[in-house]
file target.csv (CSV, C-alpha atoms)
chain,number,residue,atom,x,y,z
A,17,MET,CA,163.9,52.4,-11.2
A,18,ALA,CA,166.1,51.9,-8.2
A,19,ARG,CA,165.0,49.6,-5.4
A,20,TYR,CA,165.0,51.2,-2.0
A,21,LEU,CA,165.3,49.7,1.5
A,22,SER,CA,164.4,51.7,4.5
A,23,ILE,CA,166.1,50.4,7.6
A,24,VAL,CA,164.2,51.7,10.6
A,25,GLU,CA,166.0,51.3,13.9
A,26,THR,CA,165.1,54.3,16.1
A,27,ALA,CA,161.6,53.9,17.6
A,28,GLY,CA,159.2,56.3,19.3
A,29,ARG,CA,161.4,59.3,18.8
A,30,ALA,CA,158.7,61.8,17.8
A,31,SER,CA,155.7,59.6,17.4
A,32,ILE,CA,153.5,61.3,19.9
A,33,GLU,CA,153.7,64.7,18.2
A,34,GLU,CA,153.8,63.3,14.6
A,35,GLN,CA,151.1,60.7,15.3
A,36,ASP,CA,153.2,58.2,13.4
A,37,ASP,CA,156.8,57.1,12.9
A,38,THR,CA,158.3,59.6,10.4
A,39,ALA,CA,160.5,57.0,8.7
A,40,LEU,CA,157.6,54.7,8.1
A,41,TRP,CA,155.5,57.6,6.9
A,42,PHE,CA,158.3,58.8,4.6
A,43,SER,CA,158.6,55.3,3.1
A,44,HIS,CA,154.9,55.0,2.7
A,45,ALA,CA,154.7,58.3,1.0
A,46,MET,CA,157.5,57.3,-1.4
A,47,LYS,CA,155.5,54.1,-2.3
A,48,ASN,CA,152.4,56.2,-2.9
A,49,GLY,CA,154.5,58.3,-5.3
A,50,GLY,CA,155.5,55.2,-7.3
A,51,ALA,CA,158.8,54.2,-5.6
A,52,ASP,CA,159.9,50.6,-5.2
A,53,VAL,CA,160.6,50.5,-1.5
A,54,SER,CA,160.9,47.9,1.2
A,55,ILE,CA,161.1,48.4,5.0
A,56,LEU,CA,163.3,46.5,7.5
A,57,LEU,CA,162.5,46.9,11.2
A,58,ARG,CA,165.4,46.3,13.5
A,59,GLY,CA,166.5,47.1,17.0
A,60,ASP,CA,163.8,48.9,19.1
A,61,ALA,CA,161.8,49.6,15.9
A,62,VAL,CA,160.6,45.9,15.9
A,63,ASN,CA,158.2,47.0,18.6
A,64,TYR,CA,156.2,48.7,15.8
A,65,ALA,CA,155.2,45.2,14.6
A,66,LEU,CA,153.2,44.5,17.8
A,67,LEU,CA,149.5,43.9,17.1
A,68,ASN,CA,148.0,45.0,20.4
A,69,GLN,CA,149.8,48.2,21.1
A,70,ASP,CA,147.8,51.2,22.2
A,71,ALA,CA,149.1,54.7,22.8
A,72,LYS,CA,145.8,56.3,23.5
A,73,GLY,CA,144.8,58.1,26.7
A,74,LEU,CA,147.4,60.9,26.9
A,75,ARG,CA,146.2,64.4,28.0
A,76,PHE,CA,147.8,67.7,28.8
A,77,GLY,CA,145.4,69.6,31.0
A,78,ALA,CA,142.1,69.4,29.2
A,79,ARG,CA,143.6,68.7,25.8
A,80,ALA,CA,143.5,65.1,24.6
A,81,VAL,CA,146.4,63.9,22.5
A,82,LYS,CA,145.5,61.3,19.9
A,83,GLY,CA,149.0,59.8,19.6
A,84,PRO,CA,150.1,57.4,16.9
A,85,ASP,CA,148.2,54.4,15.6
A,86,LEU,CA,151.1,52.2,14.5
A,87,VAL,CA,148.9,49.1,14.0
A,88,ARG,CA,146.9,51.1,11.5
A,89,ASP,CA,150.1,52.3,9.9
A,90,ILE,CA,151.8,48.9,9.7
A,91,LYS,CA,148.6,47.3,8.3
A,92,ALA,CA,148.4,50.1,5.7
A,93,ILE,CA,152.0,49.5,4.7
A,94,ILE,CA,151.3,45.9,4.2
A,95,ALA,CA,148.1,46.6,2.3
A,96,THR,CA,150.1,48.9,0.0
A,97,LYS,CA,152.3,45.9,-0.9
A,98,ILE,CA,155.4,47.4,0.7
A,99,PRO,CA,157.6,44.4,1.7
A,100,LEU,CA,158.0,44.7,5.5
A,101,TYR,CA,160.7,42.7,7.3
A,102,ALA,CA,161.6,42.4,11.0
A,103,VAL,CA,164.8,41.0,12.4
A,104,ALA,CA,163.8,37.8,14.2
A,105,GLY,CA,166.6,38.0,16.8
A,106,ASP,CA,165.6,41.6,17.7
A,107,LEU,CA,162.0,40.4,18.3
A,108,ALA,CA,163.2,37.5,20.4
A,109,ASP,CA,165.5,39.7,22.4
A,110,ARG,CA,162.5,41.8,23.4
A,111,GLY,CA,160.3,38.7,24.2
A,112,ILE,CA,158.0,39.3,21.3
A,113,GLN,CA,156.4,36.2,19.9
A,114,SER,CA,155.4,35.7,16.3
A,115,SER,CA,151.8,35.4,17.4
A,116,GLN,CA,151.9,39.0,18.7
A,117,LEU,CA,152.8,40.4,15.3
A,118,VAL,CA,150.7,42.2,12.8
A,119,PRO,CA,150.1,39.6,10.1
A,120,GLY,CA,152.1,40.0,6.9
A,121,ILE,CA,155.5,40.8,8.4
A,122,GLU,CA,158.3,38.6,7.2
A,123,GLN,CA,160.9,37.8,9.8
A,124,ILE,CA,164.6,37.5,8.7
A,125,GLN,CA,167.6,36.3,10.6
A,126,ARG,CA,170.4,38.8,11.4
A,127,SER,CA,172.6,36.7,9.1
A,128,GLY,CA,170.2,37.6,6.3
A,129,ILE,CA,170.4,41.4,6.6
A,130,ALA,CA,173.4,41.6,4.3
A,131,ARG,CA,171.7,39.6,1.6
A,132,LEU,CA,168.6,41.8,1.9
A,133,ILE,CA,170.7,44.9,1.5
A,134,GLU,CA,172.4,43.4,-1.5
A,135,GLY,CA,169.0,43.0,-3.1
A,136,HIS,CA,168.4,46.8,-3.1
A,137,ASP,CA,170.1,49.7,-4.8
A,138,ARG,CA,169.6,52.5,-2.3
A,139,ILE,CA,169.7,52.0,1.5
A,140,LEU,CA,167.9,54.6,3.7
A,141,SER,CA,169.1,54.1,7.3
A,142,TRP,CA,166.8,55.8,9.8
B,26,MET,CA,153.2,72.6,47.8
B,27,ALA,CA,156.5,72.6,46.1
B,28,THR,CA,158.0,74.7,43.2
B,29,ILE,CA,159.7,72.7,40.4
B,30,THR,CA,161.9,74.0,37.6
B,31,ILE,CA,162.1,71.9,34.4
B,32,GLY,CA,164.5,72.7,31.6
B,33,ILE,CA,163.8,71.5,28.1
B,34,MET,CA,166.2,71.6,25.1
B,35,ASN,CA,164.7,69.5,22.3
B,36,PRO,CA,162.9,71.2,19.4
B,37,PRO,CA,159.3,70.2,18.6
B,38,TYR,CA,158.7,67.1,16.5
B,39,GLU,CA,162.2,65.6,17.2
B,40,SER,CA,162.2,63.7,20.4
B,41,ALA,CA,160.2,61.7,22.9
B,42,ASN,CA,161.8,64.0,25.5
B,43,THR,CA,159.2,66.6,24.5
B,44,PRO,CA,156.0,64.7,25.4
B,45,THR,CA,157.8,63.4,28.5
B,46,ALA,CA,158.5,66.9,29.7
B,47,PHE,CA,154.9,67.9,29.0
B,48,ARG,CA,153.7,64.9,30.9
B,49,MET,CA,155.8,65.9,33.9
B,50,VAL,CA,154.5,69.4,33.9
B,51,ASP,CA,150.9,68.2,33.7
B,52,ALA,CA,151.5,65.8,36.6
B,53,ALA,CA,153.1,68.5,38.7
B,54,ILE,CA,150.2,70.9,38.1
B,55,ARG,CA,147.7,68.1,38.7
B,56,LYS,CA,149.3,67.6,42.2
B,57,GLY,CA,149.2,71.3,42.9
B,58,HIS,CA,152.8,72.3,42.5
B,59,ASP,CA,154.1,75.5,40.9
B,60,VAL,CA,156.2,74.9,37.8
B,61,ASN,CA,158.8,77.0,36.0
B,62,VAL,CA,159.6,75.7,32.5
B,63,PHE,CA,162.8,77.2,30.9
B,64,CYS,CA,163.1,76.4,27.2
B,65,TYR,CA,166.6,76.5,25.8
B,66,GLU,CA,167.9,76.1,22.3
B,67,GLY,CA,165.4,74.3,20.0
B,68,ALA,CA,162.8,74.0,22.7
B,69,THR,CA,162.1,77.7,22.2
B,70,ALA,CA,160.1,76.7,19.1
B,71,LEU,CA,157.6,74.8,21.2
B,72,GLY,CA,155.6,78.0,21.7
B,73,TYR,CA,156.0,79.4,18.2
B,74,ALA,CA,152.6,80.8,17.2
B,75,GLY,CA,153.1,80.0,13.5
B,76,GLN,CA,152.7,76.2,13.9
B,77,LYS,CA,150.0,74.9,11.7
B,78,GLN,CA,148.0,71.7,11.4
B,79,HIS,CA,147.9,69.8,8.2
B,80,PRO,CA,146.0,67.0,6.5
B,81,ASN,CA,147.8,63.7,6.1
B,82,ALA,CA,147.5,61.9,2.8
B,83,VAL,CA,149.3,58.8,4.0
B,84,HIS,CA,146.9,58.4,6.8
B,85,GLY,CA,144.0,59.3,4.4
B,86,ALA,CA,143.0,62.0,6.9
B,87,SER,CA,141.6,65.5,6.4
B,88,ILE,CA,143.0,68.3,8.5
B,89,GLU,CA,140.1,67.8,10.9
B,90,GLU,CA,140.5,64.0,11.1
B,91,GLU,CA,144.2,64.2,11.5
B,92,ASP,CA,144.0,66.9,14.3
B,93,HIS,CA,147.7,67.1,14.2
B,94,PRO,CA,149.3,68.1,17.5
B,95,ASN,CA,151.0,71.4,17.7
B,96,PRO,CA,153.0,71.8,20.9
B,97,LYS,CA,151.9,75.5,21.1
B,98,GLU,CA,148.4,74.1,21.9
B,99,TRP,CA,149.8,71.8,24.5
B,100,ILE,CA,151.4,74.9,26.2
B,101,LYS,CA,148.1,76.7,26.0
B,102,ALA,CA,146.4,73.7,27.6
B,103,LEU,CA,148.9,73.6,30.4
B,104,LEU,CA,148.7,77.3,31.1
B,105,ALA,CA,144.9,77.0,31.3
B,106,PHE,CA,145.2,73.9,33.5
B,107,ALA,CA,147.5,75.7,35.9
B,108,ASN,CA,145.0,78.6,36.0
B,109,GLU,CA,142.2,76.2,36.7
B,110,LYS,CA,144.2,74.5,39.5
B,111,GLN,CA,145.3,77.9,40.9
B,112,VAL,CA,149.0,77.1,40.6
B,113,LYS,CA,151.7,79.1,38.9
B,114,LEU,CA,153.1,77.9,35.6
B,115,VAL,CA,155.9,80.1,34.1
B,116,TRP,CA,156.9,79.2,30.5
B,117,CYS,CA,160.0,81.1,29.7
B,118,ASN,CA,162.2,81.0,26.6
B,119,CYS,CA,165.9,81.8,26.3
B,120,GLY,CA,165.6,85.1,24.4
B,121,LEU,CA,168.8,84.7,22.4
B,122,CYS,CA,167.7,81.2,21.3
B,123,VAL,CA,164.4,82.7,20.1
B,124,ASP,CA,166.3,85.4,18.1
B,125,GLU,CA,168.7,82.9,16.5
B,126,ARG,CA,165.8,80.8,15.3
B,127,GLY,CA,163.5,83.6,14.3
B,128,VAL,CA,160.6,82.3,16.4
B,129,GLU,CA,159.8,85.6,18.1
B,130,ASN,CA,156.1,85.2,17.3
B,131,GLN,CA,155.1,83.2,20.4
B,132,ILE,CA,151.7,82.4,21.8
B,133,GLU,CA,150.4,84.5,24.7
B,134,GLY,CA,151.7,83.5,28.1
B,135,VAL,CA,155.2,82.6,27.0
B,136,CYS,CA,157.9,84.9,28.4
B,137,ARG,CA,161.4,85.7,27.4
B,138,GLY,CA,164.4,85.4,29.7
B,139,SER,CA,168.1,84.5,30.0
B,140,PRO,CA,170.2,81.9,31.7
B,141,VAL,CA,170.2,84.2,34.8
B,142,ASP,CA,166.4,83.9,34.9
B,143,ALA,CA,166.7,80.2,34.7
B,144,TRP,CA,169.2,80.2,37.5
B,145,LYS,CA,166.8,82.3,39.6
B,146,TYR,CA,164.0,79.9,38.9
B,147,CYS,CA,166.3,77.1,40.1
B,148,GLU,CA,167.2,79.0,43.3
B,149,ARG,CA,163.6,79.5,44.2
B,150,SER,CA,162.7,75.8,43.5
B,151,ASP,CA,162.5,72.8,45.7
B,152,GLY,CA,163.5,70.6,42.7
B,153,VAL,CA,165.2,71.1,39.4
B,154,LEU,CA,165.3,68.8,36.3
B,155,LEU,CA,167.1,69.6,33.1
B,156,ILE,CA,166.0,67.3,30.3
B,157,GLY,CA,169.1,67.6,28.0
B,158,THR,CA,169.3,66.8,24.4
B,159,GLU,CA,171.8,64.6,22.5

call {"tool": "encode", "arguments": {"input": "target.csv", "output": "structure tokens"}}
result
Amino acid sequence: MARYLSIVETAGRASIEEQDDTALWFSHAMKNGGADVSILLRGDAVNYALLNQDAKGLRFGARAVKGPDLVRDIKAIIATKIPLYAVAGDLADRGIQSSQLVPGIEQIQRSGIARLIEGHDRILSW
Amino acid sequence: MATITIGIMNPPYESANTPTAFRMVDAAIRKGHDVNVFCYEGATALGYAGQKQHPNAVHGASIEEEDHPNPKEWIKALLAFANEKQVKLVWCNCGLCVDERGVENQIEGVCRGSPVDAWKYCERSDGVLLIGTE
């Protein structure tokens, strides 16, 4: 069975309507189906790793919009034993400290991305 | 109060531009302004009546628990909100864009027009914003 690496870079694209990030959701669904998949957060997608984010409170007229619960989704990914990496330099560029992250995320250096890719057979770049 | 025309191009479930546009329409109505929305290209699917909610196995949620957003419901909510606030909200689709995509079955309250209608909305407006797509 091939080893997959989902590299998620685009963030917040349709997360209000979908109530999640579709690339994370797709990767999680693959895992639930038996796939060997890891996830790398890079660029703006490292914001998904923040522990205290909260997208609640949106309304259109009288209709409340639940929005995404990315902390729930990231915790579920980790609980499902999907290796989850984030690029340390991209976190630092955005002022995100390690103490602000959902526990269980492994930080890697930019110089380590190529090695991570080498360790997988199929790369899904989102 | 002012009249505002907002153009939207992105299809549903593709871009943060969509909730941003809805938020601006909501805010304008909330402040008592009249709003014209002209949906072009993929945005004409926002009011498609065939949108359906679904359960979400990855979230472990039933269809009720997931309560998945369908943009057609957001349009209905904004039309009702405009009515409640006694302001005018026009939600108009580019007719040819609708035909190309086969999304003729639209919710009640959405009308069909052309670029000329969009231009007329602009002419009658105090402010115009086109939220383009990439």

call {"tool": "closest_atom_pairs", "arguments": {"input": "target.csv", "of": "chain B", "to": "chain A", "cutoff": "12 Å", "atoms": "only C-alpha atoms", "output": "Markdown table"}}
result
| residue | atom | partner | partner_atom | distance |
| --- | --- | --- | --- | --- |
| B:Asn35 | CA | A:Ala30 | CA | 10.7 |
| B:Pro36 | CA | A:Ala30 | CA | 10.4 |
| B:Pro37 | CA | A:Glu33 | CA | 7.9 |
| B:Tyr38 | CA | A:Ala30 | CA | 5.5 |
| B:Glu39 | CA | A:Ala30 | CA | 5.2 |
| B:Ser40 | CA | A:Arg29 | CA | 4.7 |
| B:Ala41 | CA | A:Arg29 | CA | 4.9 |
| B:Asn42 | CA | A:Arg29 | CA | 8.2 |
| B:Thr43 | CA | A:Ala30 | CA | 8.3 |
| B:Pro44 | CA | A:Ile32 | CA | 6.9 |
| B:Thr45 | CA | A:Ile32 | CA | 9.8 |
| B:Ala46 | CA | A:Phe76 | CA | 10.8 |
| B:Phe47 | CA | A:Phe76 | CA | 7.1 |
| B:Arg48 | CA | A:Phe76 | CA | 6.9 |
| B:Met49 | CA | A:Phe76 | CA | 9.7 |
| B:Val50 | CA | A:Phe76 | CA | 8.6 |
| B:Asp51 | CA | A:Phe76 | CA | 5.8 |
| B:Ala52 | CA | A:Phe76 | CA | 8.8 |
| B:Ala53 | CA | A:Gly77 | CA | 10.9 |
| B:Ile54 | CA | A:Gly77 | CA | 8.7 |
| B:Arg55 | CA | A:Gly77 | CA | 8.2 |
| B:Leu71 | CA | A:Glu33 | CA | 11.2 |
| B:Gln78 | CA | A:Glu34 | CA | 10.7 |
| B:His79 | CA | A:Glu34 | CA | 10.9 |
| B:Pro80 | CA | A:Glu34 | CA | 11.8 |
| B:Asn81 | CA | A:Trp41 | CA | 9.9 |
| B:Ala82 | CA | A:Ala45 | CA | 8.2 |
| B:Val83 | CA | A:Ala45 | CA | 6.2 |
| B:His84 | CA | A:Asp89 | CA | 7.6 |
| B:Gly85 | CA | A:Ala92 | CA | 10.3 |
| B:Ala86 | CA | A:Gln35 | CA | 11.7 |
| B:Glu90 | CA | A:Lys82 | CA | 10.5 |
| B:Glu91 | CA | A:Gln35 | CA | 8.6 |
| B:Asp92 | CA | A:Lys82 | CA | 8.1 |
| B:His93 | CA | A:Glu34 | CA | 7.2 |
| B:Pro94 | CA | A:Glu33 | CA | 5.6 |
| B:Asn95 | CA | A:Glu33 | CA | 7.2 |
| B:Pro96 | CA | A:Glu33 | CA | 7.6 |
| B:Lys97 | CA | A:Glu33 | CA | 11.3 |
| B:Glu98 | CA | A:Arg79 | CA | 8.2 |
| B:Trp99 | CA | A:Phe76 | CA | 6.3 |
| B:Ile100 | CA | A:Phe76 | CA | 8.5 |
| B:Lys101 | CA | A:Gly77 | CA | 9.1 |
| B:Ala102 | CA | A:Gly77 | CA | 5.4 |
| B:Leu103 | CA | A:Gly77 | CA | 5.3 |
| B:Leu104 | CA | A:Gly77 | CA | 8.4 |
| B:Ala105 | CA | A:Gly77 | CA | 7.4 |
| B:Phe106 | CA | A:Gly77 | CA | 5.0 |
| B:Ala107 | CA | A:Gly77 | CA | 8.1 |
| B:Asn108 | CA | A:Gly77 | CA | 10.3 |
| B:Glu109 | CA | A:Gly77 | CA | 9.3 |
| B:Lys110 | CA | A:Gly77 | CA | 9.9 |

call {"tool": "atom_distance", "arguments": {"input": "target.csv", "atom1": "atom CA of A:Met17", "atom2": "atom CA of A:Ala51"}}
result
7.8 Å

call {"tool": "atom_distance", "arguments": {"input": "target.csv", "atom1": "atom CA of A:Leu40", "atom2": "atom CA of A:Gln113"}}
result
22.0 Å

call {"tool": "atom_distance", "arguments": {"input": "target.csv", "atom1": "atom CA of B:Met34", "atom2": "atom CA of A:Gln69"}}
result
28.9 Å

call {"tool": "residues_around", "arguments": {"input": "target.csv", "residues": "A:Lys47", "least_positions_apart": "5", "cutoff": "12 Å", "atoms": "only C-alpha atoms", "output": "PyMOL selection string"}}
result
(chain A and resi 19-22+40-42+52-55+92-99) or (chain B and resi 83)

call {"tool": "closest_residue", "arguments": {"input": "target.csv", "among": "B:Cys117, B:Leu154, B:Val141, B:Ala70", "to": "B:Ile29", "atoms": "all atoms listed in the file"}}
result
B:Leu154

call {"tool": "residues_around", "arguments": {"input": "target.csv", "residues": "stretch 128-133 of chain B", "least_positions_apart": "2", "cutoff": "8 Å", "atoms": "only C-alpha atoms", "output": "list in words"}}
result
Thr69, Ala70, Gly72, Tyr73, Ala74, Gly75, Lys97, Lys101, Val123, Asp124, Arg126 and Val135 of chain B

call {"tool": "residues_around", "arguments": {"input": "target.csv", "residues": "A:Arg110", "least_positions_apart": "6", "cutoff": "10 Å", "atoms": "all atoms listed in the file", "output": "list in words"}}
result
Gly59, Asp60, Val62 and Asn63 of chain A

call {"tool": "closest_residue", "arguments": {"input": "target.csv", "among": "B:Gln76, B:Glu159, B:Cys64, B:Ser87", "to": "B:Leu121", "atoms": "all atoms listed in the file"}}
result
B:Cys64

call {"tool": "residues_around", "arguments": {"input": "target.csv", "residues": "stretch 129-133 of chain A", "least_positions_apart": "6", "cutoff": "9 Å", "atoms": "all atoms listed in the file", "output": "MDAnalysis selection string"}}
result
chainID A and resid 21 56 103 139

call {"tool": "closest_residue", "arguments": {"input": "target.csv", "among": "A:Ala108, A:Ile124, A:Leu117, A:Leu57", "to": "A:Ser141", "atoms": "only C-alpha atoms"}}
result
A:Leu57
